[in-house]
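Printed here is structure00.cif (mmCIF, C-alpha atoms, pLDDT in the B column; chains and numbers go by the auth columns):
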data_run
loop_
_atom_site.group_PDB
_atom_site.id
_atom_site.type_symbol
_atom_site.label_atom_id
_atom_site.label_comp_id
_atom_site.label_asym_id
_atom_site.label_seq_id
_atom_site.Cartn_x
_atom_site.Cartn_y
_atom_site.Cartn_z
_atom_site.B_iso_or_equiv
_atom_site.auth_seq_id
_atom_site.auth_asym_id
ATOM 1 C CA MET A 1 75.020 57.433 86.840 52.00 1 C
ATOM 2 C CA PRO A 2 73.329 60.024 89.130 57.00 2 C
ATOM 3 C CA VAL A 3 75.039 58.423 92.158 52.00 3 C
ATOM 4 C CA ALA A 4 78.418 58.772 90.435 52.00 4 C
ATOM 5 C CA LEU A 5 77.771 62.479 89.735 46.00 5 C
ATOM 6 C CA LEU A 6 76.695 63.037 93.325 46.00 6 C
ATOM 7 C CA PHE A 7 79.838 61.258 94.532 50.00 7 C
ATOM 8 C CA LEU A 8 82.038 63.447 92.263 50.00 8 C
ATOM 9 C CA LEU A 9 80.298 66.603 93.477 47.00 9 C
ATOM 10 C CA VAL A 10 80.770 65.681 97.141 45.00 10 C
ATOM 11 C CA ALA A 11 84.391 64.718 96.517 49.00 11 C
ATOM 12 C CA ALA A 12 85.027 68.020 94.729 47.00 12 C
ATOM 13 C CA LEU A 13 83.501 69.992 97.591 44.00 13 C
ATOM 14 C CA LEU A 14 85.496 68.101 100.216 46.00 14 C
ATOM 15 C CA THR A 15 88.786 68.622 98.409 47.00 15 C
ATOM 16 C CA GLN A 16 88.093 72.333 97.817 46.00 16 C
ATOM 17 C CA TYR A 17 87.108 73.221 101.385 41.00 17 C
ATOM 18 C CA PRO A 18 90.502 72.698 103.077 41.00 18 C
ATOM 19 C CA ALA A 19 92.306 74.516 100.264 41.00 19 C
ATOM 20 C CA ALA A 20 90.021 77.508 100.577 39.00 20 C
ATOM 21 C CA ALA A 21 90.206 77.523 104.381 38.00 21 C
ATOM 22 C CA ALA A 22 93.984 77.193 104.644 37.00 22 C
ATOM 23 C CA PRO A 23 94.922 80.610 103.217 37.00 23 C
ATOM 24 C CA GLN A 24 92.487 82.310 105.556 40.00 24 C
ATOM 25 C CA ALA A 25 93.973 80.563 108.571 40.00 25 C
ATOM 26 C CA GLN A 26 97.521 81.338 107.427 38.00 26 C
ATOM 27 C CA ALA A 27 96.913 84.909 106.342 39.00 27 C
ATOM 28 C CA PRO A 28 98.728 87.434 108.544 37.00 28 C
ATOM 29 C CA ALA A 29 96.731 89.962 110.479 37.00 29 C
ATOM 30 C CA ALA A 30 95.979 93.121 108.547 37.00 30 C
ATOM 31 C CA ALA A 31 98.737 95.677 108.872 34.00 31 C
ATOM 32 C CA PRO A 32 97.789 98.955 110.508 36.00 32 C
ATOM 33 C CA PRO A 33 97.198 101.780 108.024 42.00 33 C
ATOM 34 C CA ALA A 34 100.299 103.720 107.086 44.00 34 C
ATOM 35 C CA ALA A 35 100.730 107.110 108.648 51.00 35 C
ATOM 36 C CA SER A 36 99.274 109.823 106.469 70.00 36 C
ATOM 37 C CA ALA A 37 101.597 112.118 104.554 88.00 37 C
ATOM 38 C CA LEU A 38 99.019 114.801 105.339 95.00 38 C
ATOM 39 C CA ASP A 39 99.058 116.521 108.736 96.00 39 C
ATOM 40 C CA TYR A 40 95.783 116.237 110.643 97.00 40 C
ATOM 41 C CA GLU A 41 96.409 119.296 112.850 97.00 41 C
ATOM 42 C CA PHE A 42 97.150 121.426 109.775 97.00 42 C
ATOM 43 C CA PHE A 43 93.913 120.172 108.253 96.00 43 C
ATOM 44 C CA LYS A 44 91.894 120.856 111.383 97.00 44 C
ATOM 45 C CA THR A 45 93.261 124.342 112.072 96.00 45 C
ATOM 46 C CA LYS A 46 93.931 125.722 108.590 96.00 46 C
ATOM 47 C CA VAL A 47 92.073 123.691 105.947 94.00 47 C
ATOM 48 C CA GLN A 48 88.685 123.132 107.620 95.00 48 C
ATOM 49 C CA PRO A 49 88.067 126.870 108.157 95.00 49 C
ATOM 50 C CA ILE A 50 88.271 127.308 104.373 90.00 50 C
ATOM 51 C CA PHE A 51 85.237 125.022 104.005 87.00 51 C
ATOM 52 C CA LEU A 52 83.283 127.330 106.337 88.00 52 C
ATOM 53 C CA ALA A 53 84.448 130.648 104.846 87.00 53 C
ATOM 54 C CA LYS A 54 81.921 132.979 103.275 85.00 54 C
ATOM 55 C CA ARG A 55 82.876 134.360 99.861 77.00 55 C
ATOM 56 C CA ASP A 56 81.155 137.073 97.851 78.00 56 C
ATOM 57 C CA GLY A 57 79.131 135.520 95.050 74.00 57 C
ATOM 58 C CA HIS A 58 79.615 131.956 96.297 69.00 58 C
ATOM 59 C CA THR A 59 78.028 129.687 98.840 74.00 59 C
ATOM 60 C CA ARG A 60 80.210 128.215 101.593 73.00 60 C
ATOM 61 C CA CYS A 61 81.817 124.857 100.677 71.00 61 C
ATOM 62 C CA VAL A 62 80.077 123.126 103.582 72.00 62 C
ATOM 63 C CA SER A 63 76.673 124.139 102.209 72.00 63 C
ATOM 64 C CA CYS A 64 76.992 121.696 99.316 67.00 64 C
ATOM 65 C CA HIS A 65 79.661 119.341 100.583 71.00 65 C
ATOM 66 C CA SER A 66 77.697 118.241 103.655 71.00 66 C
ATOM 67 C CA LYS A 67 75.070 116.647 101.420 81.00 67 C
ATOM 68 C CA GLY A 68 74.833 115.118 97.974 74.00 68 C
ATOM 69 C CA THR A 69 78.419 115.459 96.735 77.00 69 C
ATOM 70 C CA PRO A 70 81.214 112.887 96.377 79.00 70 C
ATOM 71 C CA MET A 71 83.443 114.814 98.823 83.00 71 C
ATOM 72 C CA ARG A 72 81.127 114.652 101.801 85.00 72 C
ATOM 73 C CA LEU A 73 81.917 116.816 104.832 89.00 73 C
ATOM 74 C CA GLN A 74 80.150 116.217 108.108 91.00 74 C
ATOM 75 C CA ALA A 75 77.092 118.388 108.677 90.00 75 C
ATOM 76 C CA LEU A 76 77.602 120.899 111.460 88.00 76 C
ATOM 77 C CA SER A 77 75.804 120.066 114.681 90.00 77 C
ATOM 78 C CA PRO A 78 72.810 122.342 115.383 91.00 78 C
ATOM 79 C CA GLY A 79 74.069 125.718 116.615 92.00 79 C
ATOM 80 C CA ALA A 80 77.735 124.842 116.001 91.00 80 C
ATOM 81 C CA THR A 81 80.045 127.132 114.053 91.00 81 C
ATOM 82 C CA THR A 82 82.705 124.467 113.504 93.00 82 C
ATOM 83 C CA TRP A 83 83.130 120.704 113.743 92.00 83 C
ATOM 84 C CA ASN A 84 83.826 118.662 116.861 95.00 84 C
ATOM 85 C CA GLU A 85 86.832 116.305 117.042 96.00 85 C
ATOM 86 C CA GLU A 86 85.022 113.230 115.693 95.00 86 C
ATOM 87 C CA GLN A 87 83.522 115.220 112.811 95.00 87 C
ATOM 88 C CA SER A 88 86.937 116.733 112.018 96.00 88 C
ATOM 89 C CA ARG A 89 88.533 113.295 111.828 96.00 89 C
ATOM 90 C CA ARG A 90 85.803 112.122 109.452 94.00 90 C
ATOM 91 C CA ASN A 91 86.256 115.260 107.347 94.00 91 C
ATOM 92 C CA PHE A 92 89.999 114.588 107.224 96.00 92 C
ATOM 93 C CA LEU A 93 89.377 111.117 105.796 94.00 93 C
ATOM 94 C CA ALA A 94 86.846 112.420 103.254 92.00 94 C
ATOM 95 C CA VAL A 95 89.086 115.228 102.036 93.00 95 C
ATOM 96 C CA GLN A 96 92.237 113.120 102.120 93.00 96 C
ATOM 97 C CA ALA A 97 90.624 110.889 99.489 90.00 97 C
ATOM 98 C CA ARG A 98 90.558 113.895 97.110 89.00 98 C
ATOM 99 C CA VAL A 99 94.271 114.551 97.487 91.00 99 C
ATOM 100 C CA ILE A 100 97.396 113.000 96.059 90.00 100 C
ATOM 101 C CA PRO A 101 100.095 114.003 98.568 94.00 101 C
ATOM 102 C CA ARG A 102 102.767 116.279 97.091 94.00 102 C
ATOM 103 C CA ASP A 103 100.931 116.434 93.730 88.00 103 C
ATOM 104 C CA LEU A 104 99.229 119.787 93.261 88.00 104 C
ATOM 105 C CA THR A 105 98.148 119.252 89.674 83.00 105 C
ATOM 106 C CA SER A 106 96.386 115.927 90.284 84.00 106 C
ATOM 107 C CA SER A 107 94.667 116.686 93.602 81.00 107 C
ATOM 108 C CA LYS A 108 90.972 117.329 92.963 84.00 108 C
ATOM 109 C CA LEU A 109 90.744 119.424 96.117 81.00 109 C
ATOM 110 C CA LEU A 110 93.001 121.990 94.456 81.00 110 C
ATOM 111 C CA GLN A 111 91.908 121.645 90.845 80.00 111 C
ATOM 112 C CA HIS A 112 88.097 121.662 90.968 70.00 112 C
ATOM 113 C CA PRO A 113 87.535 125.071 92.632 71.00 113 C
ATOM 114 C CA LEU A 114 90.398 126.776 90.739 67.00 114 C
ATOM 115 C CA LEU A 115 89.564 128.714 87.571 63.00 115 C
ATOM 116 C CA SER A 116 90.710 126.869 84.428 64.00 116 C
ATOM 117 C CA GLU A 117 92.686 129.895 83.249 67.00 117 C
ATOM 118 C CA GLY A 118 94.439 129.887 86.631 65.00 118 C
ATOM 119 C CA GLY A 119 95.528 126.260 86.328 62.00 119 C
ATOM 120 C CA GLY A 120 92.421 124.404 87.500 61.00 120 C
ATOM 121 C CA ASP A 121 90.290 121.869 85.704 59.00 121 C
ATOM 122 C CA PHE A 122 86.976 122.504 83.973 61.00 122 C
ATOM 123 C CA TYR A 123 84.646 120.950 86.544 65.00 123 C
ATOM 124 C CA HIS A 124 83.279 122.116 89.869 58.00 124 C
ATOM 125 C CA SER A 125 79.525 122.406 90.112 59.00 125 C
ATOM 126 C CA GLY A 126 79.915 124.808 93.048 59.00 126 C
ATOM 127 C CA GLY A 127 81.697 127.347 90.893 61.00 127 C
ATOM 128 C CA LYS A 128 85.260 128.484 90.808 55.00 128 C
ATOM 129 C CA HIS A 129 86.354 129.962 94.129 59.00 129 C
ATOM 130 C CA TRP A 130 89.884 130.957 93.187 64.00 130 C
ATOM 131 C CA ASN A 131 91.144 132.753 90.090 66.00 131 C
ATOM 132 C CA SER A 132 94.761 131.718 90.509 72.00 132 C
ATOM 133 C CA PHE A 133 97.038 129.476 92.513 82.00 133 C
ATOM 134 C CA LEU A 134 98.273 132.638 94.234 81.00 134 C
ATOM 135 C CA ASP A 135 94.968 132.942 96.140 84.00 135 C
ATOM 136 C CA PRO A 136 95.736 132.669 99.894 90.00 136 C
ATOM 137 C CA GLU A 137 93.161 129.898 100.451 90.00 137 C
ATOM 138 C CA TRP A 138 94.532 127.876 97.536 82.00 138 C
ATOM 139 C CA GLN A 139 98.027 128.375 98.939 89.00 139 C
ATOM 140 C CA THR A 140 96.893 127.055 102.333 93.00 140 C
ATOM 141 C CA LEU A 141 95.401 123.930 100.743 90.00 141 C
ATOM 142 C CA ALA A 142 98.518 123.477 98.592 91.00 142 C
ATOM 143 C CA ASN A 143 100.794 123.698 101.627 95.00 143 C
ATOM 144 C CA TRP A 144 98.751 120.939 103.287 95.00 144 C
ATOM 145 C CA VAL A 145 98.876 118.768 100.147 94.00 145 C
ATOM 146 C CA CYS A 146 102.650 119.307 100.069 95.00 146 C
ATOM 147 C CA GLY A 147 102.961 117.909 103.577 95.00 147 C
ATOM 148 C CA ARG A 148 103.442 121.004 105.714 95.00 148 C
ATOM 149 C CA LYS A 149 102.814 120.600 109.427 95.00 149 C
ATOM 150 C CA ALA A 150 100.589 122.864 111.518 94.00 150 C
ATOM 151 C CA SER A 151 103.650 124.280 113.283 93.00 151 C
ATOM 152 C CA GLU A 152 105.450 125.216 110.056 94.00 152 C
ATOM 153 C CA LYS A 153 105.295 128.532 108.263 93.00 153 C
ATOM 154 C CA LEU A 154 103.424 128.507 104.948 92.00 154 C
ATOM 155 C CA VAL A 155 105.488 128.923 101.812 93.00 155 C
ATOM 156 C CA GLU A 156 104.332 130.312 98.480 91.00 156 C
ATOM 157 C CA LEU A 157 103.874 127.500 96.000 90.00 157 C
ATOM 158 C CA THR A 158 103.800 128.058 92.266 81.00 158 C
ATOM 159 C CA GLY A 159 102.476 124.774 90.977 76.00 159 C
ATOM 160 C CA ALA A 160 104.824 122.247 92.613 87.00 160 C
ATOM 161 C CA CYS A 161 105.750 121.216 96.143 90.00 161 C
ATOM 162 C CA SER A 162 109.404 122.208 95.875 75.00 162 C
ATOM 163 C CA GLY A 163 110.459 124.006 99.014 55.00 163 C
ATOM 164 C CA ALA A 164 107.588 122.571 101.057 50.00 164 C
ATOM 165 C CA ALA A 165 108.219 119.928 103.727 48.00 165 C
ATOM 166 C CA ASP A 166 111.567 118.931 102.207 44.00 166 C
#

Could you quickly redo this structure as structure tokens?
Amino acid sequence: MPVALLFLLVAALLTQYPAAAAPQAQAPAAAPPAASALDYEFFKTKVQPIFLAKRDGHTRCVSCHSKGTPMRLQALSPGATTWNEEQSRRNFLAVQARVIPRDLTSSKLLQHPLLSEGGGDFYHSGGKHWNSFLDPEWQTLANWVCGRKASEKLVELTGACSGAAD
């Protein structure tokens, strides 16, 4: 009886191995990632400076977001006042994960630091940086989320992406 069980086990393993290996061998190569709907140059030149801005009564975004938060920005190099190219690209990926392109009301980047009475959500442990969606910094972030390019003029957005990057 034990020999029969051993035989069945070996037979089962031998018949499973080719089936499991075949899909891997036939699987197509991974497709390259789709181009982002969000403009990297806009992010680098207009969005990143917001994370470094000093505001009365608030700490700079980078102070908290370079350590211990889900949206993790790169720490500035010693003596640097902004990020280098590699750090900026990593920041872009980190921030992009907090954005739903062309959706201002679902993008955490826009909702967390915006006062609830101004249209934001209830949570941001770093405080509320903007009282309304008319704040110039919020407008800059919103233009990026709506797909504006670095070379395009900003438009005033009032809660939706209409008029932006159409």

Practice problem: List the residues selected by the PyMOL selection byres ((chain C and resi 162) around 12) in the file shown, writing them as an MDAnalysis selection string. | Solution: chainID C and resid 102:104 142:143 145:148 155:161 163:166

Practice problem: Counting all atoms listed in the file, figure out which residue out of C:Gln74, C:Ala37, C:Val62, C:Leu134 gets nearest to Arg89 in chain C. | Solution: C:Gln74

Quiz item: Any chance you could work out the residue set of the PyMOL selection byres ((chain C and resi 40) around 12) here, as a list in words?
Solution: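 That selection, the PyMOL selection byres ((chain C and resi 40) around 12), comes back as Ala35, Ser36, Ala37, Leu38, Asp39, Glu41, Phe42, Phe43, Lys44, Thr45, Lys46, Val47, Gln48, Glu85, Ser88, Arg89, Arg90, Asn91, Phe92, Leu93, Val95, Gln96, Trp144, Val145, Gly147, Arg148, Lys149, Ala150 and Ser151 of chain C.
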
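From CA of Leu109 in chain C back to CA of Cys61 in chain C, the distance works out to 11.4 Å.
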
Quiz prompt | Among listed residues C:Gly79, C:Arg72, C:Leu154, C:Gln87, nearest Glu137 in chain C (using only C-alpha atoms) | solution = C:Leu154

Quiz item: Any idea what the distance is between CA of Glu152 in chain C and CA of Gln139 in chain C?
Solution: 13.7 Å

Self-check item: Top pick for closest residue to Trp83 in chain C, considering C:Lys67, C:Lys108, C:Arg60, C:Leu52 and counting all atoms listed in the file
Solution: C:Leu52

Quiz prompt | Separation of CA of Val99 in chain C from CA of Trp138 in chain C, in Å and rounded to one decimal | solution =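 Rounded to one decimal, the two atoms are 13.3 Å apart.
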